[in-house]
Structure formats: structure tokens, C-alpha cells
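**Q** This one is coords22.pdb, PDB, C-alpha atoms.
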```
ATOM      1  CA  MET R   1       0.000   0.000   0.000
ATOM      2  CA  SER R   2       1.315   3.478  -0.781
ATOM      3  CA  GLU R   3       2.963   5.261   2.118
ATOM      4  CA  GLU R   4       1.789   8.580   0.674
ATOM      5  CA  ILE R   5      -1.907   8.131   1.507
ATOM      6  CA  VAL R   6      -1.407   9.720   4.934
ATOM      7  CA  LYS R   7       1.070  12.448   5.836
ATOM      8  CA  LEU R   8       1.716  14.509   8.961
ATOM      9  CA  LYS R   9       2.233  18.260   8.791
ATOM     10  CA  GLY R  10       3.557  20.074  11.835
ATOM     11  CA  SER R  11       1.629  23.107  13.077
ATOM     12  CA  LYS R  12       1.916  25.383  16.102
ATOM     13  CA  TYR R  13      -0.732  23.448  18.027
ATOM     14  CA  GLY R  14      -0.123  19.824  17.019
ATOM     15  CA  LEU R  15       0.378  17.480  14.076
ATOM     16  CA  GLN R  16      -2.093  17.880  11.222
ATOM     17  CA  LEU R  17      -3.296  14.754   9.424
ATOM     18  CA  VAL R  18      -3.009  15.399   5.677
ATOM     19  CA  PHE R  19      -4.592  13.250   2.976
ATOM     20  CA  ASP R  20      -6.280  13.558  -0.409
ATOM     21  CA  ARG R  21      -9.937  14.551  -0.037
ATOM     22  CA  ASP R  22     -10.863  12.023  -2.739
ATOM     23  CA  VAL R  23      -9.154   9.050  -1.090
ATOM     24  CA  ASP R  24     -11.407   6.133  -0.168
ATOM     25  CA  PHE R  25     -11.985   6.091   3.597
ATOM     26  CA  GLU R  26     -11.293   2.351   3.869
ATOM     27  CA  ALA R  27      -7.917   2.883   2.184
ATOM     28  CA  LEU R  28      -7.222   5.792   4.543
ATOM     29  CA  LYS R  29      -8.184   3.779   7.617
ATOM     30  CA  ASN R  30      -6.184   0.728   6.516
ATOM     31  CA  ASP R  31      -3.095   2.840   5.862
ATOM     32  CA  ILE R  32      -3.316   4.432   9.329
ATOM     33  CA  MET R  33      -3.938   1.029  10.919
ATOM     34  CA  ALA R  34      -0.897  -0.464   9.171
ATOM     35  CA  LYS R  35       1.324   2.353  10.434
ATOM     36  CA  LEU R  36      -0.030   2.089  13.979
ATOM     37  CA  GLU R  37       0.397  -1.680  14.126
ATOM     38  CA  SER R  38       3.854  -1.623  12.531
ATOM     39  CA  GLY R  39       5.286  -0.092  15.692
ATOM     40  CA  SER R  40       6.943   2.648  13.676
ATOM     41  CA  LYS R  41       7.342   6.202  14.992
ATOM     42  CA  PHE R  42       4.917   7.617  12.411
ATOM     43  CA  PHE R  43       2.333   8.008  15.197
ATOM     44  CA  ARG R  44       4.035   8.089  18.611
ATOM     45  CA  PRO R  45       1.879   7.283  21.686
ATOM     46  CA  GLY R  46       0.678  10.497  23.296
ATOM     47  CA  THR R  47       0.977  12.491  20.069
ATOM     48  CA  ALA R  48      -1.871  14.928  19.350
ATOM     49  CA  ILE R  49      -3.215  14.408  15.815
ATOM     50  CA  ILE R  50      -5.459  17.117  14.336
ATOM     51  CA  VAL R  51      -7.779  16.830  11.335
ATOM     52  CA  GLU R  52      -9.548  19.831   9.861
ATOM     53  CA  PRO R  53     -13.341  20.025  10.280
ATOM     54  CA  GLY R  54     -15.376  18.970   7.248
ATOM     55  CA  LEU R  55     -12.872  16.517   5.783
ATOM     56  CA  LEU R  56     -14.574  13.459   7.282
ATOM     57  CA  SER R  57     -18.121  12.507   8.174
ATOM     58  CA  ASN R  58     -19.028  12.297  11.858
ATOM     59  CA  GLU R  59     -19.094   8.519  11.607
ATOM     60  CA  ASN R  60     -15.629   8.373  10.033
ATOM     61  CA  GLU R  61     -14.266  10.837  12.603
ATOM     62  CA  GLN R  62     -15.446   8.562  15.410
ATOM     63  CA  THR R  63     -13.952   5.520  13.659
ATOM     64  CA  LEU R  64     -10.516   7.158  13.430
ATOM     65  CA  LYS R  65     -10.771   8.513  16.976
ATOM     66  CA  LYS R  66     -11.397   5.014  18.316
ATOM     67  CA  LEU R  67      -8.567   3.587  16.198
ATOM     68  CA  PHE R  68      -6.049   6.185  17.368
ATOM     69  CA  HIS R  69      -7.093   5.938  21.017
ATOM     70  CA  GLN R  70      -6.557   2.157  20.969
ATOM     71  CA  HIS R  71      -2.891   2.923  20.302
ATOM     72  CA  GLY R  72      -2.547   5.787  22.815
ATOM     73  CA  VAL R  73      -2.643   8.534  20.174
ATOM     74  CA  LEU R  74      -4.745  11.653  20.789
ATOM     75  CA  PHE R  75      -7.173  12.655  18.001
ATOM     76  CA  ARG R  76      -8.990  15.971  17.670
ATOM     77  CA  VAL R  77     -11.102  17.623  14.977
ATOM     78  CA  GLU R  78     -10.260  21.325  14.888
ATOM     79  CA  SER R  79      -8.561  23.998  12.841
ATOM     80  CA  PRO R  80      -4.764  23.475  12.854
ATOM     81  CA  GLU R  81      -4.250  27.162  13.649
ATOM     82  CA  LYS R  82      -6.036  29.178  16.332
ATOM     83  CA  PRO R  83      -7.884  32.228  15.022
ATOM     84  CA  LYS R  84      -6.002  35.489  15.380
ATOM     85  CA  PRO R  85      -7.456  37.966  17.918
ATOM     86  CA  GLU R  86      -9.278  40.917  16.491
ATOM     87  CA  VAL R  87      -7.254  44.122  16.434
ATOM     88  CA  ASN R  88      -8.768  47.525  17.106
ATOM     89  CA  GLU R  89      -8.078  49.437  13.894
ATOM     90  CA  GLU R  90      -9.052  52.834  15.345
ATOM     91  CA  LYS R  91      -6.182  55.290  14.860
ATOM     92  CA  PRO R  92      -4.786  56.972  17.988
ATOM     93  CA  LYS R  93      -5.374  60.679  18.441
ATOM     94  CA  PRO R  94      -2.469  62.989  17.441
ATOM     95  CA  MET R  95      -0.119  63.838  20.297
ATOM     96  CA  SER R  96       2.670  66.394  20.610
ATOM     97  CA  THR R  97       6.112  65.139  19.610
ATOM     98  CA  SER R  98       7.338  65.801  23.151
ATOM     99  CA  GLU R  99       5.051  63.093  24.544
ATOM    100  CA  PRO R 100       5.660  59.362  24.029
ATOM    101  CA  LEU R 101       3.006  57.562  22.022
ATOM    102  CA  ILE R 102       1.488  54.823  24.160
ATOM    103  CA  VAL R 103      -1.311  52.703  22.736
ATOM    104  CA  ALA R 104      -2.945  50.517  25.357
ATOM    105  CA  GLN R 105      -3.795  46.993  24.229
ATOM    106  CA  PRO R 106      -6.275  44.984  26.301
ATOM    107  CA  ALA R 107      -4.841  41.739  27.646
ATOM    108  CA  PRO R 108      -6.471  38.613  26.213
ATOM    109  CA  PRO R 109      -8.803  36.908  28.691
ATOM    110  CA  ALA R 110      -7.311  33.870  30.386
ATOM    111  CA  PRO R 111      -9.100  30.575  29.616
ATOM    112  CA  LYS R 112     -11.501  29.576  32.375
ATOM    113  CA  MET R 113     -10.902  26.376  34.304
ATOM    114  CA  MET R 114     -13.198  23.532  33.272
ATOM    115  CA  VAL R 115     -14.733  21.695  36.247
ATOM    116  CA  VAL R 116     -15.982  18.135  35.726
ATOM    117  CA  ASN R 117     -18.043  16.856  38.674
ATOM    118  CA  ARG R 118     -18.027  13.162  37.799
ATOM    119  CA  THR R 119     -15.832  10.169  37.111
ATOM    120  CA  VAL R 120     -14.479  10.014  33.548
ATOM    121  CA  ARG R 121     -15.084   6.503  32.236
ATOM    122  CA  GLY R 122     -12.950   4.531  29.796
ATOM    123  CA  GLY R 123     -13.375   5.687  26.188
ATOM    124  CA  GLN R 124     -14.379   9.216  27.222
ATOM    125  CA  GLU R 125     -12.252  12.288  26.458
ATOM    126  CA  ILE R 126     -12.265  15.671  28.221
ATOM    127  CA  THR R 127     -10.539  18.537  26.365
ATOM    128  CA  ALA R 128     -10.207  22.215  27.319
ATOM    129  CA  PRO R 129      -8.023  25.169  26.216
ATOM    130  CA  GLY R 130      -7.272  26.043  29.855
ATOM    131  CA  SER R 131      -6.890  24.014  33.044
ATOM    132  CA  ILE R 132      -9.180  21.141  34.062
ATOM    133  CA  LEU R 133     -10.424  20.085  37.515
ATOM    134  CA  ILE R 134     -11.849  16.569  37.745
ATOM    135  CA  CYS R 135     -13.899  15.884  40.889
ATOM    136  CA  GLY R 136     -13.865  12.124  40.485
ATOM    137  CA  ASN R 137     -11.713   9.335  39.084
ATOM    138  CA  VAL R 138     -10.161   9.036  35.630
ATOM    139  CA  ASN R 139     -10.625   5.403  34.660
ATOM    140  CA  PRO R 140      -8.360   3.343  32.367
ATOM    141  CA  GLY R 141      -8.994   4.212  28.709
ATOM    142  CA  ALA R 142     -10.145   7.774  29.507
ATOM    143  CA  GLN R 143      -8.204  10.791  28.238
ATOM    144  CA  ILE R 144      -7.833  14.269  29.739
ATOM    145  CA  ILE R 145      -6.272  16.949  27.500
ATOM    146  CA  ALA R 146      -5.703  20.476  28.834
ATOM    147  CA  GLY R 147      -3.959  23.545  27.514
ATOM    148  CA  GLY R 148      -3.141  24.323  31.149
ATOM    149  CA  SER R 149      -2.771  22.135  34.237
ATOM    150  CA  ILE R 150      -4.860  19.148  35.382
ATOM    151  CA  ASP R 151      -6.109  18.539  38.955
ATOM    152  CA  ILE R 152      -7.812  15.208  39.677
ATOM    153  CA  ARG R 153      -9.605  14.859  43.023
ATOM    154  CA  GLY R 154      -9.562  11.095  42.833
ATOM    155  CA  THR R 155      -7.548   8.268  41.242
ATOM    156  CA  CYS R 156      -6.034   8.786  37.799
ATOM    157  CA  ARG R 157      -5.581   5.609  35.737
ATOM    158  CA  GLY R 158      -6.096   7.053  32.246
ATOM    159  CA  LEU R 159      -4.042   9.128  29.833
ATOM    160  CA  VAL R 160      -3.465  12.745  30.908
ATOM    161  CA  HIS R 161      -1.916  15.507  28.773
ATOM    162  CA  ALA R 162      -1.297  18.920  30.365
ATOM    163  CA  GLY R 163       0.197  21.893  28.515
ATOM    164  CA  ALA R 164      -1.154  20.429  25.283
ATOM    165  CA  TYR R 165      -0.253  23.584  23.309
ATOM    166  CA  GLY R 166       3.332  23.690  24.557
ATOM    167  CA  ASP R 167       3.071  25.138  28.106
ATOM    168  CA  ILE R 168       6.000  23.482  29.924
ATOM    169  CA  SER R 169       4.986  25.158  33.211
ATOM    170  CA  ALA R 170       1.762  23.113  33.329
ATOM    171  CA  PHE R 171       1.479  20.295  35.874
ATOM    172  CA  ILE R 172      -0.699  17.323  36.796
ATOM    173  CA  VAL R 173      -1.960  16.624  40.331
ATOM    174  CA  ALA R 174      -4.025  13.669  41.550
ATOM    175  CA  ASP R 175      -4.978  12.097  44.885
ATOM    176  CA  LYS R 176      -3.595   8.858  43.419
ATOM    177  CA  LEU R 177      -1.497   9.338  40.288
ATOM    178  CA  MET R 178      -1.432   5.993  38.456
ATOM    179  CA  PRO R 179      -1.870   6.919  34.753
ATOM    180  CA  THR R 180      -1.196   4.736  31.752
ATOM    181  CA  GLN R 181       0.649   7.710  30.291
ATOM    182  CA  ILE R 182       1.525  11.265  31.331
ATOM    183  CA  ARG R 183       2.307  14.013  28.859
ATOM    184  CA  ILE R 184       3.268  17.602  29.651
ATOM    185  CA  ALA R 185       3.824  19.739  26.534
ATOM    186  CA  ASP R 186       5.993  17.459  24.345
ATOM    187  CA  HIS R 187       7.419  15.416  27.248
ATOM    188  CA  ILE R 188       6.063  11.879  27.706
ATOM    189  CA  ALA R 189       6.297   9.405  30.600
ATOM    190  CA  GLN R 190       4.640   6.046  31.189
ATOM    191  CA  SER R 191       4.005   4.229  34.461
ATOM    192  CA  PRO R 192       6.006   1.028  34.919
ATOM    193  CA  ASP R 193       4.011  -2.202  35.026
ATOM    194  CA  ASP R 194       5.145  -2.941  38.593
ATOM    195  CA  ALA R 195       4.424   0.551  39.962
ATOM    196  CA  GLU R 196       3.097   0.536  43.525
ATOM    197  CA  GLU R 197      -0.084   2.382  44.454
ATOM    198  CA  PRO R 198       0.820   5.835  45.818
ATOM    199  CA  LYS R 199       0.088   6.503  49.480
ATOM    200  CA  GLY R 200      -0.992  10.104  48.923
ATOM    201  CA  ALA R 201      -1.403  12.936  46.470
ATOM    202  CA  GLU R 202       1.331  13.470  43.885
ATOM    203  CA  LYS R 203       2.320  16.126  41.375
ATOM    204  CA  ALA R 204       3.905  15.640  37.958
ATOM    205  CA  SER R 205       5.833  18.535  36.431
ATOM    206  CA  ILE R 206       8.770  19.197  34.119
ATOM    207  CA  GLN R 207      12.042  19.639  35.973
ATOM    208  CA  GLY R 208      15.444  19.543  34.348
ATOM    209  CA  GLY R 209      13.962  18.655  30.974
ATOM    210  CA  GLN R 210      12.047  15.585  32.173
ATOM    211  CA  ILE R 211       8.793  14.709  33.927
ATOM    212  CA  ILE R 212       9.287  14.360  37.688
ATOM    213  CA  ILE R 213       6.650  12.991  40.103
ATOM    214  CA  GLU R 214       6.742  14.131  43.729
ATOM    215  CA  SER R 215       4.524  13.751  46.794
ATOM    216  CA  ILE R 216       2.491  16.789  47.867
ATOM    217  CA  GLU R 217       0.161  17.823  50.678
ATOM    218  CA  ARG R 218      -3.442  18.555  49.716
TER     219      ARG R 218
END
```
For the structure just supplied, provide its representation as C-alpha cells.
**A**
Amino acid sequence: MSEEIVKLKGSKYGLQLVFDRDVDFEALKNDIMAKLESGSKFFRPGTAIIVEPGLLSNENEQTLKKLFHQHGVLFRVESPEKPKPEVNEEKPKPMSTSEPLIVAQPAPPAPKMMVVNRTVRGGQEITAPGSILICGNVNPGAQIIAGGSIDIRGTCRGLVHAGAYGDISAFIVADKLMPTQIRIADHIAQSPDDAEEPKGAEKASIQGGQIIIESIER
């Protein structure tokens, strides 16, 4: 099968899935499946894959999402580039040359924290541009993706990705941190198979260029 059916194009907010609009969906799916099952680094576990809206039907989007998630790859349908903020085009009033020209620009609003008051079951995905607070458990097979930090008031056994748009200062906190995979920005860590259950709350953050997990007091 041709290796050119599916390509990846890097963007500021993730990896964009590129393919011919006229390609047969079964051929597309089979090509992706072959790459995932080959164990190659074409799709690394924890990678965020983006496809533009309107390229696939809702049914086909769900099919690919399920396929990617089975291999630990994140899948989102969104524009590969965030829209640019609107700029006030009004010209400033003339000032004397002896005075500095200062044009005040309003600061962009910070993303609000998303609060989820329930357990996130396997197969479910929670995504937000800012931070996420989960008041419940994150079960195996569930995925939490946040542009900011993630706080789980319960046991985390799923896949968690903080700083999804490149924020290396983001962190992940849980009462019991036992994820299948942790990702902060472009850093990835996986729990060992023989990991013991933590005795208290823990925090994962990037220190010295790697993900470090440390005990904390709630």
C-alpha cells in the first residue's frame, strides 16, 4: 500500500493529518492502521493528531478517533491554527512630539478552568483550552487533555496531557497518580508495570527537561 496516503504536517498546536480529499476512507483507515500496528514512529503514543473540520463525516471521525485511542494517540477535529485575535483598527489621536506615544492593548482573557463533577469513564475524552479540575476518578482508557494544568480529586488511571499547546509550566496533580501515560507539553512518561499504588497525592511537572513525580500535601 502506498505510504503517501497519509502524511503529517507540523503546526503550532499539534500534528495535522493530511490526505487527499478524494481518497477512499477504507484505504485511509487501513493505511493508518498499518502504520499504527507496525510499531513505527509515524504516530508516537501520546501524540496529538489534528484533522480539519469537514474533511470526514461524523461517523468516520469517530472511527478514526477510536482507532487512534486504541494505540494511545490523541485525536482531535479542529482547525490546525487558532484564530487570530481581532485588532482595534481605530487610529490613535495625534499627540505632541514631546510626549511618548502609548497605545494601550487589552490583555487577552485567560481561559476559564473547566470543572468536571463526575468520574471520567474509559473511552471518554475531556478537552479544554485552559486548566481542568476533575472531581472524580479518571478510569483506564479515559483521556484528559488540557492547555493548562490538570487537577484530579480522585484516582487517575487514564491518559493525561497537560500543557497540550506547549506550556511546559503546566502540571498534573491527583490524589492517586497511576496513569497509563503522562504528557506535559511534548514530554512523555509512562508508568512502569510494577508501579506501587501511591500513598498520597502526587504532582507531575517538568524539571530539568524531564517529567518528575513528587509527593504533595493537599
**Q** Taking the file as shown, what set of residues would the PyMOL selection byres ((chain R and resi 148) around 9) give back, as a list in words?
**A**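 That expression, the PyMOL selection byres ((chain R and resi 148) around 9), corresponds here to Pro111, Met113, Ala128, Pro129, Gly130, Ser131, Ile132, Ile145, Ala146, Gly147, Ser149, Ile150, Ala162, Gly163, Ala164, Tyr165, Asp167, Ser169, Ala170 and Phe171 of chain R.
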**Q** From the set R:Val6, R:Val116, R:Val77, R:Ala185, which residue has the shortest atom-to-atom contact distance to Glu52 (chain R), counting only C-alpha atoms?
**A**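 Closest to Glu52 (chain R), using only C-alpha atoms: R:Val77.
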**Q** Which residue gives the smallest distance to Gly123 (chain R) among R:His71, R:Val160, R:Lys66, R:Gly154, with only C-alpha atoms counted?
**A** R:Lys66
**Q** Rank R:Lys176, R:Gly166, R:Gln207, R:Glu125 by their smallest atom-to-atom distance to Asn137 (chain R), using all atoms listed in the file, and report the top residue only.
**A**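 Among R:Lys176, R:Gly166, R:Gln207, R:Glu125, it is R:Lys176 that comes nearest to Asn137 (chain R).
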**Q** Compare R:Ile5, R:Ile182, R:Leu56, R:Leu177 by their minimum atom-to-atom distance to Pro198 (chain R), counting all atoms listed in the file, and give me the closest one.
**A**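 Of the candidates, the smallest distance to Pro198 (chain R) is held by R:Leu177.
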**Q** Compare R:His187, R:Lys199, R:Lys7, R:Lys65 by their minimum atom-to-atom distance to Phe19 (chain R), counting all atoms listed in the file, and give me the closest one.
**A** R:Lys7
**Q** Got a sec: who's within 9 Å of Lys29 (chain R), counting all atoms listed in the file, leaving out chain neighbours fewer than 5 positions off, as a VMD selection string?
**A** chain R and resid 24 34 63 to 64 67
**Q** Run the PyMOL selection byres ((chain R and resi 155) around 8) against the file shown and list the residues it catches, as a list of chain:residue names.
**A**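 Selection result, ordered by chain and number: R:Gly136, R:Asn137, R:Val138, R:Asn139, R:Ile152, R:Arg153, R:Gly154, R:Cys156, R:Arg157, R:Ala174, R:Asp175, R:Lys176, R:Leu177, R:Met178.
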**Q** Which is closer to Met114 (chain R) than all the others in R:Ala204, R:Ile168, R:Ala189, R:Ile144, using only C-alpha atoms?
**A**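 Answer, going by the shortest atom-to-atom distance: R:Ile144.
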**Q** Have a look at CA of Ile184 (chain R) and CA of Arg118 (chain R) and let me know their distance in Å, one decimal.
**A**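 CA of Ile184 (chain R) sits 23.2 Å away from CA of Arg118 (chain R).
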**Q** On this structure, which residues satisfy the PyMOL selection byres ((chain R and resi 72-76) around 10), written as a CSV table (one decimal) with C-alpha atoms, keeping the file's coordinate frame?
**A**
```csv
chain,number,residue,atom,x,y,z
R,14,GLY,CA,-0.1,19.8,17.0
R,15,LEU,CA,0.4,17.5,14.1
R,16,GLN,CA,-2.1,17.9,11.2
R,17,LEU,CA,-3.3,14.8,9.4
R,36,LEU,CA,0.0,2.1,14.0
R,43,PHE,CA,2.3,8.0,15.2
R,44,ARG,CA,4.0,8.1,18.6
R,45,PRO,CA,1.9,7.3,21.7
R,46,GLY,CA,0.7,10.5,23.3
R,47,THR,CA,1.0,12.5,20.1
R,48,ALA,CA,-1.9,14.9,19.4
R,49,ILE,CA,-3.2,14.4,15.8
R,50,ILE,CA,-5.5,17.1,14.3
R,51,VAL,CA,-7.8,16.8,11.3
R,52,GLU,CA,-9.5,19.8,9.9
R,53,PRO,CA,-13.3,20.0,10.3
R,61,GLU,CA,-14.3,10.8,12.6
R,62,GLN,CA,-15.4,8.6,15.4
R,64,LEU,CA,-10.5,7.2,13.4
R,65,LYS,CA,-10.8,8.5,17.0
R,66,LYS,CA,-11.4,5.0,18.3
R,67,LEU,CA,-8.6,3.6,16.2
R,68,PHE,CA,-6.0,6.2,17.4
R,69,HIS,CA,-7.1,5.9,21.0
R,70,GLN,CA,-6.6,2.2,21.0
R,71,HIS,CA,-2.9,2.9,20.3
R,77,VAL,CA,-11.1,17.6,15.0
R,78,GLU,CA,-10.3,21.3,14.9
R,79,SER,CA,-8.6,24.0,12.8
R,80,PRO,CA,-4.8,23.5,12.9
R,125,GLU,CA,-12.3,12.3,26.5
R,127,THR,CA,-10.5,18.5,26.4
R,141,GLY,CA,-9.0,4.2,28.7
R,143,GLN,CA,-8.2,10.8,28.2
R,144,ILE,CA,-7.8,14.3,29.7
R,145,ILE,CA,-6.3,16.9,27.5
R,159,LEU,CA,-4.0,9.1,29.8
R,161,HIS,CA,-1.9,15.5,28.8
R,180,THR,CA,-1.2,4.7,31.8
R,181,GLN,CA,0.6,7.7,30.3
```
